[in-house]
$ cat upload.tsv   # TSV, C-alpha atoms
chain	number	residue	atom	x	y	z
A	169	MET	CA	0.00	0.00	0.00
A	170	THR	CA	1.36	3.41	-0.89
A	171	LYS	CA	1.51	6.18	1.64
A	172	PRO	CA	-1.14	8.86	1.01
A	173	GLU	CA	0.10	12.22	-0.18
A	174	ILE	CA	-1.20	15.19	1.78
A	175	GLU	CA	-1.41	18.57	0.11
A	176	THR	CA	-2.39	21.86	1.67
A	177	PHE	CA	-3.62	24.94	-0.13
A	178	PRO	CA	-3.51	28.58	0.90
A	179	SER	CA	-7.22	29.17	0.30
A	180	PRO	CA	-10.48	27.45	-0.58
A	181	GLU	CA	-10.22	28.95	-4.06
A	182	ALA	CA	-6.76	27.42	-4.58
A	183	LEU	CA	-8.07	24.03	-3.44
A	184	ALA	CA	-11.07	24.31	-5.76
A	185	ALA	CA	-8.85	25.24	-8.73
A	186	ALA	CA	-6.55	22.27	-8.08
A	187	VAL	CA	-9.44	19.80	-7.78
A	188	ALA	CA	-11.13	21.21	-10.88
A	189	GLY	CA	-7.98	21.03	-12.98
A	190	ARG	CA	-7.34	17.43	-12.01
A	191	LEU	CA	-10.97	16.50	-12.59
A	192	VAL	CA	-11.02	17.92	-16.11
A	193	ILE	CA	-7.79	16.10	-16.99
A	194	ARG	CA	-9.15	12.84	-15.54
A	195	LEU	CA	-12.46	13.16	-17.41
A	196	ALA	CA	-10.60	13.66	-20.69
A	197	ALA	CA	-8.40	10.62	-19.99
A	198	VAL	CA	-11.38	8.38	-19.16
A	199	GLN	CA	-13.17	9.45	-22.34
A	200	ALA	CA	-10.00	8.99	-24.41
A	201	ALA	CA	-9.89	5.41	-23.12
A	202	GLY	CA	-13.40	4.89	-24.54
A	203	ARG	CA	-15.25	4.92	-21.22
A	204	THR	CA	-17.99	7.15	-19.85
A	205	PRO	CA	-16.91	8.95	-16.69
A	206	ALA	CA	-19.25	9.27	-13.72
A	207	VAL	CA	-19.05	12.19	-11.30
A	208	GLY	CA	-20.83	12.46	-7.95
A	209	LEU	CA	-21.86	16.02	-7.12
A	210	THR	CA	-22.50	17.21	-3.59
A	211	GLY	CA	-23.43	20.52	-2.09
A	212	GLY	CA	-21.70	22.68	0.43
A	213	THR	CA	-19.43	25.68	0.37
A	214	ILE	CA	-16.31	24.04	-1.05
A	215	ALA	CA	-18.32	21.98	-3.55
A	216	VAL	CA	-19.86	25.14	-5.00
A	217	LYS	CA	-16.37	26.63	-5.39
A	218	ILE	CA	-15.20	23.43	-7.11
A	219	HIS	CA	-18.20	23.42	-9.47
A	220	GLU	CA	-17.42	27.02	-10.44
A	221	ALA	CA	-13.73	26.21	-10.88
A	222	VAL	CA	-14.58	23.27	-13.16
A	223	VAL	CA	-16.33	25.70	-15.50
A	224	ALA	CA	-13.23	27.90	-15.59
A	225	ALA	CA	-10.86	24.91	-15.94
A	226	SER	CA	-12.85	23.40	-18.79
A	227	GLU	CA	-12.69	26.54	-20.92
A	228	GLY	CA	-10.32	25.70	-23.73
A	229	HIS	CA	-10.42	21.96	-22.90
A	230	GLU	CA	-12.33	20.74	-25.91
A	231	ASP	CA	-11.25	17.17	-25.19
A	232	VAL	CA	-14.03	16.69	-22.59
A	233	ASP	CA	-17.42	15.85	-24.07
A	234	TRP	CA	-19.68	17.09	-21.27
A	235	SER	CA	-22.73	15.49	-22.89
A	236	SER	CA	-21.03	12.13	-22.30
A	237	VAL	CA	-20.36	12.47	-18.56
A	238	ASP	CA	-22.74	10.79	-16.13
A	239	PHE	CA	-23.51	13.11	-13.21
A	240	TRP	CA	-25.00	11.89	-9.94
A	241	TRP	CA	-26.32	14.00	-7.09
A	242	GLY	CA	-25.25	12.97	-3.62
A	243	ASP	CA	-26.23	14.13	-0.16
A	244	GLU	CA	-24.51	12.84	2.94
A	245	ARG	CA	-27.10	14.22	5.34
A	246	TYR	CA	-29.56	11.87	7.01
A	247	VAL	CA	-33.06	13.12	7.59
A	248	PRO	CA	-36.37	11.29	7.96
A	249	ALA	CA	-38.16	10.56	4.67
A	250	ASP	CA	-40.99	12.97	5.57
A	251	ASP	CA	-38.64	15.88	6.44
A	252	ASP	CA	-39.23	19.08	4.50
$ encode --input "upload.tsv" --output "structure tokens"
Amino acid sequence: MTKPEIETFPSPEALAAAVAGRLVIRLAAVQAAGRTPAVGLTGGTIAVKIHEAVVAASEGHEDVDWSSVDFWWGDERYVPADDD
């Protein structure tokens, strides 16, 4: 087992930009291999920053076919089924 690599970033925006850049590169690689990538989207403050950064990172990256990415919504909160 390899030792995990820990990275720190000076701001939430820097973290979001790093995640977004890596995600766009990974999506392109998965599609280039002939597969359909799947991405789980969540909410929250950092997730919103990452979603916005993905838009910026994907500009000029024509190698990602966004119509061929499966997106899934996720929510880690537990609430009763009848909760508003």
$ residues_near_point --input "upload.tsv" --point "(-27.3, 13.6, -11.0)" --cutoff "10 Å" --atoms "all atoms listed in the file" --output "PyMOL selection string"
chain A and resi 206-210+238-242
$ atom_distance --input "upload.tsv" --atom1 "CA of Thr204 (chain A)" --atom2 "CA of Pro180 (chain A)"
29.0 Å
$ atom_distance --input "upload.tsv" --atom1 "CA of Leu195 (chain A)" --atom2 "CA of Thr170 (chain A)"
23.6 Å
$ closest_residue --input "upload.tsv" --among "A:Glu181, A:Val247, A:Gln199, A:Lys171" --to "Lys217 (chain A)" --atoms "all atoms listed in the file"
A:Glu181
$ residues_near_point --input "upload.tsv" --point "(-14.4, 21.3, -6.5)" --cutoff "6 Å" --atoms "all atoms listed in the file" --output "compact mmCIF listing (two decimals) with C-alpha atoms, in the coordinates of the input"
# COMPACT_ATOMS: atom_id res chain seq x y z
CA ALA A 184 -11.07 24.31 -5.76
CA VAL A 187 -9.44 19.80 -7.78
CA ALA A 188 -11.13 21.21 -10.88
CA ALA A 215 -18.32 21.98 -3.55
CA LYS A 217 -16.37 26.63 -5.39
CA ILE A 218 -15.20 23.43 -7.11
CA HIS A 219 -18.20 23.42 -9.47
$ residues_around --input "upload.tsv" --residues "Trp234 (chain A)" --least-positions-apart "6" --cutoff "10 Å" --atoms "all atoms listed in the file" --output "ChimeraX atom specification"
/A:195-196,205,226
$ closest_residue --input "upload.tsv" --among "A:Pro178, A:Gly228, A:Pro172, A:Gly211" --to "Arg245 (chain A)" --atoms "all atoms listed in the file"
A:Gly211
$ atom_distance --input "upload.tsv" --atom1 "CA of Val237 (chain A)" --atom2 "CA of Thr176 (chain A)"
28.6 Å
$ closest_residue --input "upload.tsv" --among "A:Ile214, A:Ile174, A:Val232, A:Ala221" --to "Ile193 (chain A)" --atoms "all atoms listed in the file"
A:Val232
$ closest_residue --input "upload.tsv" --among "A:Val192, A:Tyr246, A:Gly212, A:Gly202" --to "Glu227 (chain A)" --atoms "all atoms listed in the file"
A:Val192
$ decode --input "upload.tsv" --residues "chain A" --atoms "C-alpha atoms" --output "mmCIF file, in the first residue's frame"
data_model
loop_
_atom_site.group_PDB
_atom_site.id
_atom_site.type_symbol
_atom_site.label_atom_id
_atom_site.label_comp_id
_atom_site.auth_asym_id
_atom_site.auth_seq_id
_atom_site.Cartn_x
_atom_site.Cartn_y
_atom_site.Cartn_z
ATOM 1 C CA MET A 169 0.000 0.000 0.000
ATOM 2 C CA THR A 170 1.358 3.414 -0.890
ATOM 3 C CA LYS A 171 1.508 6.182 1.641
ATOM 4 C CA PRO A 172 -1.137 8.865 1.014
ATOM 5 C CA GLU A 173 0.096 12.219 -0.181
ATOM 6 C CA ILE A 174 -1.196 15.186 1.778
ATOM 7 C CA GLU A 175 -1.407 18.565 0.113
ATOM 8 C CA THR A 176 -2.388 21.856 1.667
ATOM 9 C CA PHE A 177 -3.618 24.937 -0.128
ATOM 10 C CA PRO A 178 -3.514 28.580 0.905
ATOM 11 C CA SER A 179 -7.220 29.168 0.304
ATOM 12 C CA PRO A 180 -10.482 27.446 -0.575
ATOM 13 C CA GLU A 181 -10.215 28.949 -4.060
ATOM 14 C CA ALA A 182 -6.762 27.421 -4.581
ATOM 15 C CA LEU A 183 -8.069 24.027 -3.438
ATOM 16 C CA ALA A 184 -11.071 24.311 -5.765
ATOM 17 C CA ALA A 185 -8.851 25.236 -8.728
ATOM 18 C CA ALA A 186 -6.547 22.265 -8.079
ATOM 19 C CA VAL A 187 -9.440 19.804 -7.777
ATOM 20 C CA ALA A 188 -11.128 21.212 -10.884
ATOM 21 C CA GLY A 189 -7.979 21.031 -12.982
ATOM 22 C CA ARG A 190 -7.345 17.430 -12.009
ATOM 23 C CA LEU A 191 -10.970 16.501 -12.586
ATOM 24 C CA VAL A 192 -11.025 17.924 -16.113
ATOM 25 C CA ILE A 193 -7.793 16.102 -16.985
ATOM 26 C CA ARG A 194 -9.155 12.840 -15.545
ATOM 27 C CA LEU A 195 -12.461 13.162 -17.409
ATOM 28 C CA ALA A 196 -10.605 13.658 -20.686
ATOM 29 C CA ALA A 197 -8.403 10.620 -19.994
ATOM 30 C CA VAL A 198 -11.380 8.384 -19.164
ATOM 31 C CA GLN A 199 -13.168 9.453 -22.341
ATOM 32 C CA ALA A 200 -9.996 8.994 -24.413
ATOM 33 C CA ALA A 201 -9.895 5.412 -23.118
ATOM 34 C CA GLY A 202 -13.397 4.893 -24.536
ATOM 35 C CA ARG A 203 -15.248 4.921 -21.223
ATOM 36 C CA THR A 204 -17.990 7.146 -19.850
ATOM 37 C CA PRO A 205 -16.906 8.947 -16.687
ATOM 38 C CA ALA A 206 -19.251 9.274 -13.722
ATOM 39 C CA VAL A 207 -19.053 12.191 -11.297
ATOM 40 C CA GLY A 208 -20.831 12.457 -7.947
ATOM 41 C CA LEU A 209 -21.861 16.016 -7.122
ATOM 42 C CA THR A 210 -22.501 17.207 -3.593
ATOM 43 C CA GLY A 211 -23.430 20.518 -2.095
ATOM 44 C CA GLY A 212 -21.698 22.675 0.430
ATOM 45 C CA THR A 213 -19.429 25.678 0.372
ATOM 46 C CA ILE A 214 -16.315 24.037 -1.055
ATOM 47 C CA ALA A 215 -18.324 21.979 -3.545
ATOM 48 C CA VAL A 216 -19.863 25.140 -5.005
ATOM 49 C CA LYS A 217 -16.371 26.625 -5.388
ATOM 50 C CA ILE A 218 -15.201 23.429 -7.107
ATOM 51 C CA HIS A 219 -18.201 23.422 -9.467
ATOM 52 C CA GLU A 220 -17.422 27.023 -10.444
ATOM 53 C CA ALA A 221 -13.732 26.213 -10.877
ATOM 54 C CA VAL A 222 -14.582 23.271 -13.157
ATOM 55 C CA VAL A 223 -16.328 25.699 -15.503
ATOM 56 C CA ALA A 224 -13.225 27.904 -15.590
ATOM 57 C CA ALA A 225 -10.857 24.913 -15.940
ATOM 58 C CA SER A 226 -12.845 23.402 -18.786
ATOM 59 C CA GLU A 227 -12.693 26.537 -20.923
ATOM 60 C CA GLY A 228 -10.322 25.695 -23.730
ATOM 61 C CA HIS A 229 -10.419 21.962 -22.901
ATOM 62 C CA GLU A 230 -12.331 20.744 -25.913
ATOM 63 C CA ASP A 231 -11.251 17.166 -25.187
ATOM 64 C CA VAL A 232 -14.035 16.694 -22.590
ATOM 65 C CA ASP A 233 -17.422 15.854 -24.065
ATOM 66 C CA TRP A 234 -19.684 17.090 -21.272
ATOM 67 C CA SER A 235 -22.726 15.485 -22.887
ATOM 68 C CA SER A 236 -21.026 12.135 -22.299
ATOM 69 C CA VAL A 237 -20.364 12.475 -18.560
ATOM 70 C CA ASP A 238 -22.741 10.791 -16.128
ATOM 71 C CA PHE A 239 -23.505 13.112 -13.208
ATOM 72 C CA TRP A 240 -25.002 11.890 -9.937
ATOM 73 C CA TRP A 241 -26.324 14.001 -7.091
ATOM 74 C CA GLY A 242 -25.253 12.972 -3.619
ATOM 75 C CA ASP A 243 -26.232 14.125 -0.157
ATOM 76 C CA GLU A 244 -24.514 12.839 2.940
ATOM 77 C CA ARG A 245 -27.095 14.217 5.336
ATOM 78 C CA TYR A 246 -29.557 11.867 7.006
ATOM 79 C CA VAL A 247 -33.058 13.120 7.593
ATOM 80 C CA PRO A 248 -36.370 11.286 7.956
ATOM 81 C CA ALA A 249 -38.158 10.555 4.669
ATOM 82 C CA ASP A 250 -40.992 12.966 5.569
ATOM 83 C CA ASP A 251 -38.644 15.880 6.444
ATOM 84 C CA ASP A 252 -39.233 19.081 4.500
#
